[in-house]
>>> print(open('final-v3.cif').read())   # mmCIF, C-alpha atoms
data_model
#
loop_
_atom_site.label_atom_id
_atom_site.label_comp_id
_atom_site.auth_asym_id
_atom_site.auth_seq_id
_atom_site.Cartn_x
_atom_site.Cartn_y
_atom_site.Cartn_z
CA MET W 8 0.00 0.00 0.00
CA THR W 9 2.88 2.38 0.65
CA ILE W 10 4.41 1.64 -2.76
CA ALA W 11 1.10 2.16 -4.54
CA THR W 12 -0.29 5.17 -2.65
CA GLN W 13 2.44 6.56 -0.33
CA ILE W 14 -0.03 6.95 2.56
CA GLY W 15 -1.73 3.53 2.42
CA GLY W 16 0.74 1.84 4.72
CA LEU W 17 -0.19 4.22 7.53
CA ALA W 18 -3.86 3.29 7.12
CA LEU W 19 -3.03 -0.41 7.06
CA LEU W 20 -1.35 -0.45 10.48
CA PRO W 21 -4.48 0.33 12.58
CA ALA W 22 -6.49 -1.99 10.34
CA LEU W 23 -4.15 -4.88 11.11
CA TRP W 24 -4.22 -4.05 14.81
CA ALA W 25 -8.03 -3.90 14.86
CA GLY W 26 -8.30 -7.21 13.02
CA ARG W 27 -6.25 -8.98 15.69
CA LYS W 28 -8.94 -8.21 18.28
CA ALA W 29 -11.66 -10.04 16.38
CA GLN W 30 -12.78 -13.56 17.30
CA SER W 31 -13.64 -15.03 13.88
CA ALA W 32 -11.86 -14.80 10.54
CA TRP W 33 -14.94 -13.25 8.89
CA TYR W 34 -15.29 -10.57 11.56
CA ARG W 35 -11.53 -9.99 11.54
CA ALA W 36 -11.54 -9.35 7.80
CA THR W 37 -14.66 -7.14 7.92
CA LEU W 38 -13.36 -5.05 10.80
CA GLY W 39 -9.92 -4.73 9.22
CA ILE W 40 -11.33 -3.54 5.90
CA ALA W 41 -13.68 -1.07 7.60
CA VAL W 42 -10.91 0.42 9.72
CA PHE W 43 -8.61 0.64 6.72
CA LEU W 44 -11.21 2.46 4.60
CA VAL W 45 -11.94 4.97 7.37
CA CYS W 46 -8.26 5.63 8.05
CA TYR W 47 -7.34 5.81 4.39
CA SER W 48 -10.18 8.24 3.66
CA ALA W 49 -9.04 10.48 6.52
CA LEU W 50 -5.44 10.40 5.33
CA TRP W 51 -6.52 11.01 1.73
CA PHE W 52 -8.45 14.15 2.64
CA GLY W 53 -5.67 15.24 4.96
CA ALA W 54 -3.11 14.88 2.19
CA ALA W 55 -5.15 17.15 -0.07
CA GLN W 56 -5.09 19.84 2.62
CA LEU W 57 -1.43 19.48 3.59
CA ALA W 58 0.21 18.90 0.20
CA PRO W 59 0.06 22.61 -0.83
CA LEU W 60 2.18 23.39 2.24
CA THR W 61 4.92 21.21 0.76
CA GLY W 62 4.65 22.67 -2.75
CA ARG W 63 2.26 20.25 -4.45
CA VAL W 64 -1.39 20.50 -5.48
CA PRO W 65 -3.89 17.87 -6.62
CA LEU W 66 -4.96 17.78 -10.26
CA PRO W 67 -8.71 17.69 -10.97
CA CYS W 68 -10.34 14.29 -10.64
CA MET W 69 -13.43 15.42 -12.56
CA VAL W 70 -14.09 17.93 -15.32
CA GLN W 71 -14.60 21.41 -13.90
CA PRO W 72 -16.39 24.32 -15.63
CA GLU W 73 -13.27 26.49 -15.67
CA SER W 74 -10.96 23.76 -16.99
CA PRO W 75 -11.69 20.66 -19.16
CA LEU W 76 -8.85 18.81 -17.42
CA VAL W 77 -9.72 15.46 -15.85
CA SER W 78 -8.10 12.29 -14.58
CA GLN W 79 -8.37 9.47 -17.14
CA SER W 80 -9.50 7.12 -14.37
CA PRO W 81 -10.66 7.64 -10.76
CA ILE W 82 -7.97 5.15 -9.73
CA TYR W 83 -5.22 7.77 -10.12
CA CYS W 84 -6.98 10.02 -7.62
CA ILE W 85 -7.96 7.19 -5.28
CA LEU W 86 -4.34 6.02 -5.17
CA ASN W 87 -3.05 9.54 -4.48
CA ARG W 88 -1.02 9.70 -7.71
CA HIS W 89 -2.42 13.03 -8.97
CA TYR W 90 -0.20 15.62 -7.27
CA VAL W 91 2.07 18.08 -9.07
CA HIS W 92 3.96 21.31 -8.56
CA PRO W 93 1.56 24.30 -8.94
CA GLU W 94 3.31 25.46 -12.12
CA LEU W 95 2.82 22.07 -13.73
CA SER W 96 -0.85 22.22 -12.78
CA ARG W 97 -1.12 25.61 -14.50
CA LEU W 98 0.62 24.19 -17.57
CA ALA W 99 -1.82 21.26 -17.81
CA THR W 100 -4.78 23.57 -17.24
CA GLY W 101 -3.55 25.96 -19.94
CA LEU W 102 -3.20 23.09 -22.38
CA SER W 103 -6.71 21.83 -21.66
CA ARG W 104 -8.20 25.30 -22.19
CA HIS W 105 -6.31 25.78 -25.45
CA LEU W 106 -7.50 22.45 -26.84
CA ASP W 107 -11.07 23.07 -25.74
CA ASN W 108 -11.04 26.48 -27.42
CA ARG W 109 -9.60 25.07 -30.64
CA PHE W 110 -11.61 21.84 -30.58
CA PRO W 111 -14.75 22.45 -28.47
CA GLY W 112 -15.66 19.52 -26.27
CA THR W 113 -12.09 18.23 -25.90
CA GLN W 114 -11.18 16.61 -22.60
CA THR W 115 -7.48 16.58 -21.71
CA MET W 116 -6.84 13.54 -19.52
CA THR W 117 -4.06 13.11 -16.98
CA LEU W 118 -2.50 9.80 -15.95
CA ASP W 119 0.20 9.30 -13.29
CA ALA W 120 1.65 12.49 -11.82
CA GLY W 121 3.22 12.33 -8.36
CA PHE W 122 2.59 11.64 -4.68
CA PRO W 123 1.69 14.48 -2.28
CA PHE W 124 4.83 14.42 -0.14
CA LEU W 125 8.60 13.87 -0.13
CA ASP W 126 10.92 14.50 -3.06
CA GLY W 127 12.68 11.31 -4.12
CA PHE W 128 9.86 8.98 -3.02
CA PRO W 129 9.62 6.45 -5.90
CA MET W 130 6.41 5.95 -7.86
CA PHE W 131 6.40 2.42 -9.23
CA PRO W 132 6.70 1.53 -12.09
CA HIS W 133 8.09 4.90 -13.24
CA LEU W 134 11.78 5.74 -13.27
CA SER W 135 11.00 9.37 -12.50
CA HIS W 136 7.79 10.99 -11.09
CA LYS W 137 9.55 11.52 -7.77
CA ASP W 138 9.16 15.24 -7.19
CA GLY W 139 5.87 16.57 -8.56
CA HIS W 140 7.58 17.93 -11.68
CA LYS W 141 6.43 15.15 -14.03
CA LEU W 142 3.05 14.35 -15.52
CA ASP W 143 1.77 11.83 -18.04
CA LEU W 144 -1.01 12.82 -20.43
CA ALA W 145 -3.30 10.41 -22.26
CA LEU W 146 -3.38 10.45 -26.04
CA PHE W 147 -6.52 11.46 -27.92
CA TYR W 148 -8.51 8.89 -29.91
CA GLU W 149 -11.19 8.68 -32.59
CA ASN W 150 -13.58 5.93 -33.65
CA GLY W 151 -13.72 4.12 -36.96
CA SER W 152 -15.71 6.97 -38.50
CA GLY W 153 -13.06 9.52 -37.59
CA ALA W 154 -15.10 11.12 -34.77
CA TYR W 155 -13.18 12.24 -31.69
CA GLN W 156 -14.07 10.25 -28.56
CA PRO W 157 -14.00 12.51 -25.46
CA GLY W 158 -12.99 10.83 -22.23
CA ARG W 159 -12.03 7.56 -23.92
CA THR W 160 -8.71 5.81 -24.43
CA ARG W 161 -7.87 2.50 -26.05
CA SER W 162 -6.73 0.91 -22.81
CA SER W 163 -8.66 1.02 -19.56
CA LEU W 164 -5.91 2.95 -17.73
CA GLY W 165 -4.55 5.01 -20.62
CA TYR W 166 -1.25 3.08 -20.68
CA GLY W 167 -0.29 0.02 -22.67
CA ALA W 168 -2.12 0.58 -25.98
CA TYR W 169 0.74 1.47 -28.29
CA ALA W 170 0.68 3.52 -31.47
CA ALA W 171 3.43 1.26 -32.76
CA PRO W 172 5.54 1.98 -35.86
CA ARG W 173 3.72 1.36 -39.12
CA GLY W 174 4.71 1.30 -42.77
CA SER W 175 8.17 2.79 -43.18
CA GLU W 176 8.34 4.00 -39.57
CA GLN W 177 11.15 2.53 -37.51
CA ASP W 178 11.23 1.61 -33.84
CA ALA W 179 13.86 3.75 -32.10
CA CYS W 180 15.25 0.67 -30.35
CA GLY W 181 15.20 -1.57 -33.39
CA GLY W 182 12.41 -3.76 -32.02
CA SER W 183 14.39 -4.79 -28.94
CA ALA W 184 15.60 -3.15 -25.76
CA PRO W 185 18.44 -3.84 -23.29
CA TRP W 186 17.71 -5.75 -20.13
CA PRO W 187 17.00 -4.81 -17.40
CA GLY W 188 14.55 -2.17 -18.55
CA MET W 189 10.89 -1.16 -18.70
CA ARG W 190 10.45 -1.11 -22.48
CA LEU W 191 8.02 -3.76 -23.75
CA PRO W 192 7.49 -4.96 -27.32
CA PRO W 193 4.48 -3.21 -28.88
CA GLN W 194 2.58 -6.51 -29.15
CA TRP W 195 2.59 -6.78 -25.32
CA GLU W 196 -0.39 -4.50 -24.90
CA TRP W 197 -2.67 -3.99 -21.91
CA PRO W 198 -5.28 -6.75 -22.18
CA ILE W 199 -8.35 -4.63 -21.28
CA GLN W 200 -8.95 -2.42 -24.30
CA THR W 201 -11.68 -0.58 -26.17
CA ARG W 202 -11.69 -1.87 -29.71
CA GLY W 203 -12.33 0.31 -32.72
CA LEU W 204 -10.37 3.34 -31.51
CA SER W 205 -7.33 4.80 -33.26
CA LEU W 206 -5.05 7.76 -32.73
CA GLU W 207 -6.66 11.16 -33.41
CA LEU W 208 -3.89 13.10 -35.11
CA GLY W 209 -5.30 16.63 -34.96
CA ARG W 210 -5.63 16.98 -31.19
CA ASN W 211 -2.42 15.10 -30.43
CA ARG W 212 -0.50 17.34 -32.84
CA ALA W 213 -2.12 20.49 -31.47
CA ALA W 214 -1.34 19.47 -27.89
CA ILE W 215 2.35 18.96 -28.58
CA GLU W 216 2.62 22.13 -30.67
CA TRP W 217 1.11 24.19 -27.85
CA LEU W 218 3.30 22.54 -25.22
CA VAL W 219 6.57 23.25 -27.03
CA ALA W 220 5.49 26.79 -27.97
CA GLU W 221 3.87 27.93 -24.71
CA GLY W 222 5.23 25.39 -22.24
CA PRO W 223 8.59 27.09 -21.56
CA ALA W 224 6.72 30.03 -20.02
CA TYR W 225 5.48 27.55 -17.40
CA GLY W 226 8.89 25.97 -16.94
CA LEU W 227 8.52 23.05 -19.39
CA LYS W 228 11.95 21.46 -19.87
CA LYS W 229 11.23 18.30 -21.86
CA LEU W 230 8.52 16.21 -23.46
CA PHE W 231 8.90 12.48 -24.08
CA ILE W 232 7.29 10.80 -27.06
CA GLU W 233 8.50 8.02 -29.35
CA PRO W 234 10.43 9.38 -32.37
CA HIS W 235 8.25 7.53 -34.88
CA LEU W 236 5.13 9.04 -33.35
CA ALA W 237 6.61 12.55 -33.40
CA ARG W 238 7.31 12.11 -37.12
CA ARG W 239 3.78 10.84 -37.74
CA LEU W 240 2.36 13.88 -35.96
CA GLU W 241 4.81 16.15 -37.82
CA VAL W 242 6.07 17.84 -34.65
CA SER W 243 9.63 18.79 -33.82
CA SER W 244 11.36 20.85 -31.13
CA PRO W 245 14.50 20.68 -28.97
CA LEU W 246 12.09 20.05 -26.08
CA ILE W 247 10.86 16.79 -27.64
CA ARG W 248 13.15 14.01 -26.42
CA PHE W 249 13.51 10.25 -26.65
CA GLN W 250 13.54 8.69 -23.19
CA GLY W 251 15.94 5.91 -24.11
CA CYS W 252 15.54 2.18 -24.59
CA ARG W 253 15.55 1.21 -20.90
CA ALA W 254 12.55 3.37 -19.98
CA ALA W 255 8.92 2.55 -20.76
CA ARG W 256 7.51 3.21 -24.22
CA HIS W 257 6.04 6.62 -24.97
CA ASP W 258 3.75 5.86 -27.89
CA ASP W 259 0.82 5.24 -25.53
CA HIS W 260 1.08 8.55 -23.64
CA ILE W 261 2.93 11.87 -23.51
CA HIS W 262 5.30 12.65 -20.66
CA ILE W 263 5.95 16.28 -19.72
CA GLU W 264 8.15 17.73 -17.02
CA ILE W 265 9.11 21.13 -15.72
CA GLY W 266 12.40 22.28 -14.25
CA ALA W 267 13.16 22.16 -10.55
#
>>> encode(input="final-v3.cif", output="structure tokens")
Amino acid sequence: MTIATQIGGLALLPALWAGRKAQSAWYRATLGIAVFLVCYSALWFGAAQLAPLTGRVPLPCMVQPESPLVSQSPIYCILNRHYVHPELSRLATGLSRHLDNRFPGTQTMTLDAGFPFLDGFPMFPHLSHKDGHKLDLALFYENGSGAYQPGRTRSSLGYGAYAAPRGSEQDACGGSAPWPGMRLPPQWEWPIQTRGLSLELGRNRAAIEWLVAEGPAYGLKKLFIEPHLARRLEVSSPLIRFQGCRAARHDDHIHIEIGA
């Protein structure tokens, strides 16, 4: 629970203690779960109040009238993985407003960001995301008729549905990656997927163009996306980087980060 949520381990301790006082296994499990949920809820709300004091703020979990920015799944908020530096929050909000103005009805969806406390605290399975300066954004998709699908991604969690190289496009790692590493072959996709969706080029291109043009004013230092996908979207900038062959693929999401 600590690895997944940062604060979950603290909620688990009183739950385990309470469960030991129960007579039967059924009552022990019920009491333990109830105590855990109460403690975790209290810690979750407390983290939202205290995180700004340490320089991090929560990203929206639901679409708000003033900003069409939303978490791709409630799980990222439930697990406390939606905290960023205030400047990164303003960057994501600015992007969502720009896309909604250019393409009315667009929802910009966030994925993993950071935990509420402690620089250097690892966020598995990421190699970074340790300081509130990194944020993953979901790609935009359309259906078979070419209609944009707001609030939908190919995979259930936004990760693991790759826009793999096609035609003459080449994989930056030549179809293999050094071990140990996080890079998976494109055929190893997340098993729970929405069929019939494909990459929507217009919004993905517009998002990256705005980020590299306006992002530096918010402190944007780099943007990770697979080279073949950048060429397909016809975007280029010194801020657009390749993360290397040991890190996870970036043709299922966009990674942005600001300077310290």
>>> closest_residue(input="final-v3.cif", among="W:Tyr169, W:Tyr83, W:Tyr148, W:Phe231", to="His262 of chain W", atoms="all atoms listed in the file")
W:Phe231
>>> resolve_selection(input="final-v3.cif", expression="the PyMOL selection byres ((chain W and resi 226) around 12)", output="list in words")
His92, Pro93, Glu94, Leu95, Ser96, Arg97, Leu98, Ala99, His140, Lys141, Leu218, Val219, Ala220, Glu221, Gly222, Pro223, Ala224, Tyr225, Leu227, Lys228, Lys229, Leu230, Leu246, Ile263, Glu264, Ile265, Gly266 and Ala267 of chain W
>>> resolve_selection(input="final-v3.cif", expression="the PyMOL selection byres ((chain W and resi 63) around 7)", output="list of chain:residue names")
W:Ala58, W:Pro59, W:Thr61, W:Gly62, W:Val64, W:Pro65, W:Tyr90, W:Val91, W:His92, W:Pro93, W:Pro123, W:Gly139
>>> atom_distance(input="final-v3.cif", atom1="atom CA of Ile199 of chain W", atom2="atom CA of Ser162 of chain W")
6.0 Å
>>> closest_residue(input="final-v3.cif", among="W:Tyr166, W:Trp24, W:Phe122, W:Tyr34", to="Pro193 of chain W", atoms="only C-alpha atoms")
W:Tyr166
>>> closest_residue(input="final-v3.cif", among="W:Leu38, W:Ile215, W:Cys180, W:Leu191", to="Ala168 of chain W", atoms="only C-alpha atoms")
W:Leu191
>>> closest_residue(input="final-v3.cif", among="W:Arg212, W:Gly165, W:Pro157, W:Arg239", to="Gln177 of chain W", atoms="only C-alpha atoms")
W:Arg239
>>> closest_residue(input="final-v3.cif", among="W:Ala237, W:Leu19, W:Met130, W:Ile232", to="Glu176 of chain W", atoms="all atoms listed in the file")
W:Ala237
>>> closest_residue(input="final-v3.cif", among="W:Pro132, W:Leu20, W:Leu106, W:Gln56", to="Ile40 of chain W", atoms="only C-alpha atoms")
W:Leu20
>>> residues_near_point(input="final-v3.cif", point="(6.1, 11.0, -3.2)", cutoff="10 Å", atoms="only C-alpha atoms", output="PyMOL selection string")
chain W and resi 9-10+12-14+87-88+90+120-130+136-139
>>> write_last_selection(input="final-v3.cif", atoms="C-alpha atoms", output="short mmCIF file (atom, residue, chain, number, x, y, z; two decimals), keeping the file's coordinate frame")
data_model
loop_
_atom_site.label_atom_id
_atom_site.label_comp_id
_atom_site.auth_asym_id
_atom_site.auth_seq_id
_atom_site.Cartn_x
_atom_site.Cartn_y
_atom_site.Cartn_z
CA THR W 9 2.88 2.38 0.65
CA ILE W 10 4.41 1.64 -2.76
CA THR W 12 -0.29 5.17 -2.65
CA GLN W 13 2.44 6.56 -0.33
CA ILE W 14 -0.03 6.95 2.56
CA ASN W 87 -3.05 9.54 -4.48
CA ARG W 88 -1.02 9.70 -7.71
CA TYR W 90 -0.20 15.62 -7.27
CA ALA W 120 1.65 12.49 -11.82
CA GLY W 121 3.22 12.33 -8.36
CA PHE W 122 2.59 11.64 -4.68
CA PRO W 123 1.69 14.48 -2.28
CA PHE W 124 4.83 14.42 -0.14
CA LEU W 125 8.60 13.87 -0.13
CA ASP W 126 10.92 14.50 -3.06
CA GLY W 127 12.68 11.31 -4.12
CA PHE W 128 9.86 8.98 -3.02
CA PRO W 129 9.62 6.45 -5.90
CA MET W 130 6.41 5.95 -7.86
CA HIS W 136 7.79 10.99 -11.09
CA LYS W 137 9.55 11.52 -7.77
CA ASP W 138 9.16 15.24 -7.19
CA GLY W 139 5.87 16.57 -8.56
#
>>> decode(input="final-v3.cif", residues="segment 29-56 of chain W", atoms="N, CA, C and O atoms", output="compact mmCIF listing (two decimals), in the first residue's frame")
# COMPACT_ATOMS: atom_id res chain seq x y z
N ALA W 29 -10.43 -9.35 16.75
CA ALA W 29 -11.66 -10.04 16.38
C ALA W 29 -11.57 -11.53 16.70
O ALA W 29 -10.50 -12.13 16.67
N GLN W 30 -12.74 -12.15 16.94
CA GLN W 30 -12.78 -13.56 17.30
C GLN W 30 -12.76 -14.48 16.08
O GLN W 30 -12.02 -15.46 16.05
N SER W 31 -13.55 -14.16 15.05
CA SER W 31 -13.64 -15.03 13.88
C SER W 31 -12.90 -14.42 12.69
O SER W 31 -12.65 -13.21 12.64
N ALA W 32 -12.57 -15.28 11.73
CA ALA W 32 -11.86 -14.80 10.54
C ALA W 32 -12.72 -13.83 9.74
O ALA W 32 -12.23 -12.82 9.21
N TRP W 33 -14.04 -14.14 9.65
CA TRP W 33 -14.94 -13.25 8.89
C TRP W 33 -15.01 -11.87 9.53
O TRP W 33 -14.89 -10.85 8.86
N TYR W 34 -15.19 -11.85 10.85
CA TYR W 34 -15.29 -10.57 11.56
C TYR W 34 -13.95 -9.83 11.51
O TYR W 34 -13.90 -8.59 11.41
N ARG W 35 -12.86 -10.59 11.60
CA ARG W 35 -11.53 -9.99 11.54
C ARG W 35 -11.32 -9.28 10.21
O ARG W 35 -10.84 -8.14 10.16
N ALA W 36 -11.71 -9.94 9.12
CA ALA W 36 -11.54 -9.35 7.80
C ALA W 36 -12.44 -8.13 7.62
O ALA W 36 -12.02 -7.09 7.11
N THR W 37 -13.71 -8.25 8.07
CA THR W 37 -14.66 -7.14 7.92
C THR W 37 -14.21 -5.92 8.71
O THR W 37 -14.23 -4.79 8.22
N LEU W 38 -13.80 -6.15 9.94
CA LEU W 38 -13.36 -5.05 10.80
C LEU W 38 -12.09 -4.42 10.24
O LEU W 38 -11.95 -3.18 10.21
N GLY W 39 -11.17 -5.25 9.77
CA GLY W 39 -9.92 -4.73 9.22
C GLY W 39 -10.15 -3.86 8.00
O GLY W 39 -9.57 -2.78 7.86
N ILE W 40 -11.02 -4.32 7.11
CA ILE W 40 -11.33 -3.54 5.90
C ILE W 40 -12.01 -2.23 6.26
O ILE W 40 -11.68 -1.16 5.71
N ALA W 41 -12.96 -2.28 7.21
CA ALA W 41 -13.68 -1.07 7.60
C ALA W 41 -12.73 -0.04 8.21
O ALA W 41 -12.79 1.15 7.88
N VAL W 42 -11.86 -0.50 9.10
CA VAL W 42 -10.91 0.42 9.72
C VAL W 42 -9.95 0.99 8.68
O VAL W 42 -9.64 2.19 8.69
N PHE W 43 -9.51 0.15 7.75
CA PHE W 43 -8.61 0.64 6.72
C PHE W 43 -9.27 1.72 5.87
O PHE W 43 -8.67 2.77 5.59
N LEU W 44 -10.52 1.49 5.46
CA LEU W 44 -11.21 2.46 4.60
C LEU W 44 -11.40 3.79 5.32
O LEU W 44 -11.23 4.86 4.73
N VAL W 45 -11.76 3.74 6.59
CA VAL W 45 -11.94 4.97 7.37
C VAL W 45 -10.62 5.71 7.51
O VAL W 45 -10.53 6.93 7.28
N CYS W 46 -9.57 4.99 7.87
CA CYS W 46 -8.26 5.63 8.05
C CYS W 46 -7.70 6.15 6.74
O CYS W 46 -7.14 7.26 6.69
N TYR W 47 -7.87 5.36 5.68
CA TYR W 47 -7.34 5.81 4.39
C TYR W 47 -8.07 7.05 3.91
O TYR W 47 -7.46 7.99 3.38
N SER W 48 -9.40 7.07 4.08
CA SER W 48 -10.18 8.24 3.66
C SER W 48 -9.72 9.49 4.41
O SER W 48 -9.58 10.57 3.82
N ALA W 49 -9.49 9.34 5.72
CA ALA W 49 -9.04 10.48 6.52
C ALA W 49 -7.67 10.96 6.06
O ALA W 49 -7.43 12.17 5.92
N LEU W 50 -6.77 10.03 5.80
CA LEU W 50 -5.44 10.40 5.33
C LEU W 50 -5.49 11.01 3.93
O LEU W 50 -4.75 11.94 3.62
N TRP W 51 -6.38 10.49 3.09
CA TRP W 51 -6.52 11.01 1.73
C TRP W 51 -6.96 12.46 1.75
O TRP W 51 -6.39 13.32 1.07
N PHE W 52 -7.98 12.77 2.54
CA PHE W 52 -8.45 14.15 2.64
C PHE W 52 -7.41 15.03 3.32
O PHE W 52 -7.23 16.20 2.96
N GLY W 53 -6.72 14.48 4.30
CA GLY W 53 -5.67 15.24 4.96
C GLY W 53 -4.53 15.58 4.02
O GLY W 53 -3.99 16.69 4.06
N ALA W 54 -4.19 14.63 3.15
CA ALA W 54 -3.11 14.88 2.19
C ALA W 54 -3.47 16.01 1.25
O ALA W 54 -2.62 16.85 0.92
N ALA W 55 -4.73 16.08 0.82
CA ALA W 55 -5.15 17.15 -0.07
C ALA W 55 -5.02 18.52 0.58
O ALA W 55 -4.75 19.52 -0.10
N GLN W 56 -5.20 18.57 1.91
CA GLN W 56 -5.09 19.84 2.62
C GLN W 56 -3.64 20.21 2.91
O GLN W 56 -3.27 21.39 2.88
